[in-house]
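Student: Sharing a structure here in structure tokens format.
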Amino acid sequence: MTPNPPKPICVWATPPGPNSWKVASLLEELGLNYEIKSFRFDDVKKSPFININPNGRVRAPSMYQYIIEQYDTEKRLTYGTLKEKNLCNQWLHFQMSGRGPYYGQASWFIHLHPDKIPSAIERYSSEVRRILGVLETALAAKPADAQWLVGDKMTFADMSFLPWNFRLSEMLVQSWDEVWEGAPHVRAWHERMADLPSWKRSMEIRTRLMDEQVLQWNGVPKGIETFTEYEAKIAAGEDTHSVEQ
């Protein structure tokens with residue numbers, strides 16, 4: 001049986017971002033005791049969060065690995081063998097150093113940058129496609145009964161890709177079918193994980209917290225038109241709480 005921490009694991013979350021939900025869904029899947037510490041984007045550079053992470057960013061990979069090492073004693077979402085364990089870490093590092101930054105830049109230039117820069121949008125949209133192609137190549141090479149990145153079961157490496165892929169339709173401004181053109185194995189892989197009760201519970205929590213902070217889908221408070229305006233209000237120390245509250 002997976003050991004459960006007597007004190008809930010605290011997950012700091014700015015609800016719109018993907019990283020907190022990597023951790024929350026992992027904890028849900030393992031059935032671990034945890035609590036969400038929801039806070040606003042305005043406060044990522046302030047105490048008490050800055051005391052925990054001096055970089056002022058909500059990150060997941062180190063916590064991800066800690067949870068697996070400390071609590072997945074039954075190896076439900078990892079392997080005990082050296083090769084498979086390190087292959088899982090390899091895919092996790094690809095997700096955080098390759099996939100995450102490119103998806104984030106695509107999101108920024110498509111939706112949040114004050115000026116539309118076609119070359120930047122094209123570059124990062126193309127990188128999203130390239131990364132989906134890397135995943136498609138890897139999964140297409142696997143047997144039909146082992147459609148996972150490592151071995152023949154879902155691991156934490158697979159799950160780490162869920163949050164960003166879950167928002168691809170909004171991010172790329174494409175229909176769900178258009179998003180997955182040329183990547184049928186990745187689509188099937190993603191949709192199997194998106195159907196997990198653990199993921200659905202995580203997204204129910206996210207929806208509630210987004211509503212509590214009265215946020216638009218892109219993380220900007222309702223009543224504020226652009227992210228540039230939002231940042232300016234934060235810098236000026238103005239109230240950024242939604243006018244629709």
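Residue numbering restarts at 1 in every chain; chains get A, B, ... in the order shown in the structure tokens, and ligands count up from 1 in that same order.
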Based on DSSP run over this structure's backbone, return all residues of range 9-239 of chain A in alpha helix (DSSP H), as an MDAnalysis selection string.
Tutor: chainID A and resid 19:30 49:52 61:71 82:94 100:107 118:140 156:159 162:166 168:172 176:179 184:194 197:212 227:235
Student: Give me the residues of range 145-185 of chain A that have any atom at most 9 Å from an atom of range 84-87 of chain A; for each, the nearest atom pair and the distance in Å, rounded to one decimal. Use only C-alpha atoms, sort by chain and number, and format it as JSON lines.
Tutor:
{"residue": "A:Leu149", "atom": "CA", "partner": "A:Leu87", "partner_atom": "CA", "distance": 8.6}
{"residue": "A:Val150", "atom": "CA", "partner": "A:Glu84", "partner_atom": "CA", "distance": 6.6}
{"residue": "A:Gly151", "atom": "CA", "partner": "A:Glu84", "partner_atom": "CA", "distance": 7.1}
{"residue": "A:Ala157", "atom": "CA", "partner": "A:Leu87", "partner_atom": "CA", "distance": 8.7}
Student: Do a neighbour search on Ile67 in chain A at 12 Å with only C-alpha atoms, toss out local chain neighbours closer than 6 positions, and write the hits as a list in words.
Tutor: Thr2, Pro3, Asn4, Pro5, Ile9, Cys10, Val11, Lys22, Val23, Ala24, Ser25, Leu26, Leu27, Glu28, Glu29, Leu30, Gly31, Leu32, Asn33, Tyr34, Ala60, Pro61, Thr73, Lys75, Leu77, Thr78 and Phe156 of chain A
Student: Calculated over only C-alpha atoms, which of the candidates A:Arg167, A:Lys7, A:Arg40, A:Lys200 has the smallest distance to Val220 in chain A?
Tutor: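 Of the candidates, the smallest distance to Val220 in chain A is held by A:Arg40.
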Student: Go through range 6-36 of chain A and collect every residue that DSSP, computed from the backbone, puts in strand (DSSP E); the answer should be as a ChimeraX atom specification.
Tutor: /A:9-13,34-36
Student: Just to be explicit: take each residue in the selection above, keep N, CA, C and O atoms, and write the result as a PDB file, in the first residue's frame.
Tutor:
ATOM      1  N   ILE A   9       0.403  17.130   1.902  1.00  0.00           N
ATOM      2  CA  ILE A   9       1.399  17.763   1.047  1.00  0.00           C
ATOM      3  C   ILE A   9       0.793  19.051   0.508  1.00  0.00           C
ATOM      4  O   ILE A   9      -0.320  19.055  -0.020  1.00  0.00           O
ATOM      5  N   CYS A  10       1.506  20.155   0.643  1.00  0.00           N
ATOM      6  CA  CYS A  10       0.997  21.449   0.197  1.00  0.00           C
ATOM      7  C   CYS A  10       1.421  21.703  -1.247  1.00  0.00           C
ATOM      8  O   CYS A  10       2.609  21.674  -1.567  1.00  0.00           O
ATOM      9  N   VAL A  11       0.435  21.942  -2.108  1.00  0.00           N
ATOM     10  CA  VAL A  11       0.688  22.258  -3.509  1.00  0.00           C
ATOM     11  C   VAL A  11       0.306  23.714  -3.742  1.00  0.00           C
ATOM     12  O   VAL A  11      -0.869  24.075  -3.692  1.00  0.00           O
ATOM     13  N   TRP A  12       1.296  24.549  -3.969  1.00  0.00           N
ATOM     14  CA  TRP A  12       1.040  25.953  -4.277  1.00  0.00           C
ATOM     15  C   TRP A  12       0.576  26.049  -5.728  1.00  0.00           C
ATOM     16  O   TRP A  12       1.203  25.486  -6.621  1.00  0.00           O
ATOM     17  N   ALA A  13      -0.512  26.771  -5.960  1.00  0.00           N
ATOM     18  CA  ALA A  13      -1.102  26.781  -7.294  1.00  0.00           C
ATOM     19  C   ALA A  13      -1.588  28.165  -7.690  1.00  0.00           C
ATOM     20  O   ALA A  13      -2.359  28.788  -6.962  1.00  0.00           O
ATOM     21  N   TYR A  34      -3.252  15.599   0.336  1.00  0.00           N
ATOM     22  CA  TYR A  34      -2.652  16.867  -0.063  1.00  0.00           C
ATOM     23  C   TYR A  34      -3.677  17.992   0.041  1.00  0.00           C
ATOM     24  O   TYR A  34      -4.872  17.757   0.181  1.00  0.00           O
ATOM     25  N   GLU A  35      -3.177  19.220  -0.017  1.00  0.00           N
ATOM     26  CA  GLU A  35      -4.036  20.386  -0.028  1.00  0.00           C
ATOM     27  C   GLU A  35      -3.499  21.389  -1.039  1.00  0.00           C
ATOM     28  O   GLU A  35      -2.292  21.458  -1.283  1.00  0.00           O
ATOM     29  N   ILE A  36      -4.399  22.148  -1.643  1.00  0.00           N
ATOM     30  CA  ILE A  36      -4.028  23.176  -2.600  1.00  0.00           C
ATOM     31  C   ILE A  36      -3.941  24.519  -1.888  1.00  0.00           C
ATOM     32  O   ILE A  36      -4.866  24.917  -1.179  1.00  0.00           O
TER      33      ILE A  36
END
Student: Do a neighbour search on Ile121 in chain A at 7 Å with only C-alpha atoms, toss out local chain neighbours closer than 4 positions, and write the hits as an mmCIF file with all heavy atoms, in the first residue's frame.
Tutor:
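Listing of out-v7.cif after writing:
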data_model
loop_
_atom_site.group_PDB
_atom_site.id
_atom_site.type_symbol
_atom_site.label_atom_id
_atom_site.label_comp_id
_atom_site.auth_asym_id
_atom_site.auth_seq_id
_atom_site.Cartn_x
_atom_site.Cartn_y
_atom_site.Cartn_z
ATOM 1 N N ALA A 106 4.760 29.643 -27.253
ATOM 2 C CA ALA A 106 3.660 29.673 -28.230
ATOM 3 C C ALA A 106 2.445 30.351 -27.622
ATOM 4 O O ALA A 106 1.805 31.211 -28.251
ATOM 5 C CB ALA A 106 3.321 28.248 -28.682
ATOM 6 N N PHE A 109 3.121 34.259 -27.362
ATOM 7 C CA PHE A 109 3.080 35.051 -28.589
ATOM 8 C C PHE A 109 1.724 34.982 -29.296
ATOM 9 O O PHE A 109 1.343 35.932 -29.983
ATOM 10 C CB PHE A 109 4.210 34.626 -29.536
ATOM 11 C CG PHE A 109 5.545 35.169 -29.128
ATOM 12 C CD1 PHE A 109 6.514 34.337 -28.570
ATOM 13 C CD2 PHE A 109 5.835 36.517 -29.273
ATOM 14 C CE1 PHE A 109 7.745 34.846 -28.183
ATOM 15 C CE2 PHE A 109 7.068 37.030 -28.887
ATOM 16 C CZ PHE A 109 8.019 36.200 -28.335
ATOM 17 N N ILE A 110 0.990 33.909 -29.125
ATOM 18 C CA ILE A 110 -0.329 33.814 -29.753
ATOM 19 C C ILE A 110 -1.359 34.632 -28.984
ATOM 20 O O ILE A 110 -2.212 35.300 -29.584
ATOM 21 C CB ILE A 110 -0.786 32.342 -29.858
ATOM 22 C CG1 ILE A 110 0.115 31.578 -30.833
ATOM 23 C CG2 ILE A 110 -2.240 32.244 -30.318
ATOM 24 C CD1 ILE A 110 -0.111 30.075 -30.840
ATOM 25 N N ILE A 117 3.525 39.117 -33.589
ATOM 26 C CA ILE A 117 4.770 38.964 -34.341
ATOM 27 C C ILE A 117 4.680 37.647 -35.118
ATOM 28 O O ILE A 117 4.896 36.565 -34.544
ATOM 29 C CB ILE A 117 5.986 38.961 -33.396
ATOM 30 C CG1 ILE A 117 5.987 40.232 -32.532
ATOM 31 C CG2 ILE A 117 7.290 38.843 -34.191
ATOM 32 C CD1 ILE A 117 7.080 40.267 -31.493
ATOM 33 N N SER A 125 4.735 27.878 -32.836
ATOM 34 C CA SER A 125 3.685 26.944 -33.252
ATOM 35 C C SER A 125 4.313 25.735 -33.958
ATOM 36 O O SER A 125 3.877 24.590 -33.764
ATOM 37 C CB SER A 125 2.692 27.643 -34.184
ATOM 38 O OG SER A 125 2.014 28.682 -33.521
#
Student: Need to verify the contact set: Trp217 in chain A, 9 Å, only C-alpha atoms, exclusion of same-chain residues closer than 3 positions in sequence. Can you return it as an MDAnalysis selection string?
Tutor: chainID A and resid 16 170 210 220
Student: Which of these residues is nearest to Ala235 in chain A, using only C-alpha atoms: A:Lys45, A:His185, A:Lys37, A:Arg130?
Tutor: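 Ranked by minimum distance to Ala235 in chain A, first place goes to A:Lys45.
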Student: With only C-alpha atoms as the basis for distance, which of A:Leu215, A:Leu168, A:Met159, A:Val173 is at the shortest distance from Trp189 in chain A?
Tutor: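 Nearest candidate to Trp189 in chain A out of A:Leu215, A:Leu168, A:Met159, A:Val173: A:Met159.
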Student: Excluding Gly100 in chain A and residues on its chain fewer than 6 positions from it, collect all residues at most 12 Å away from it, counting only C-alpha atoms, and give them as number ranges by chain.
Tutor: A: 17-19, 22, 59-61, 91-94, 106-107, 124, 127-128, 131, 160-165
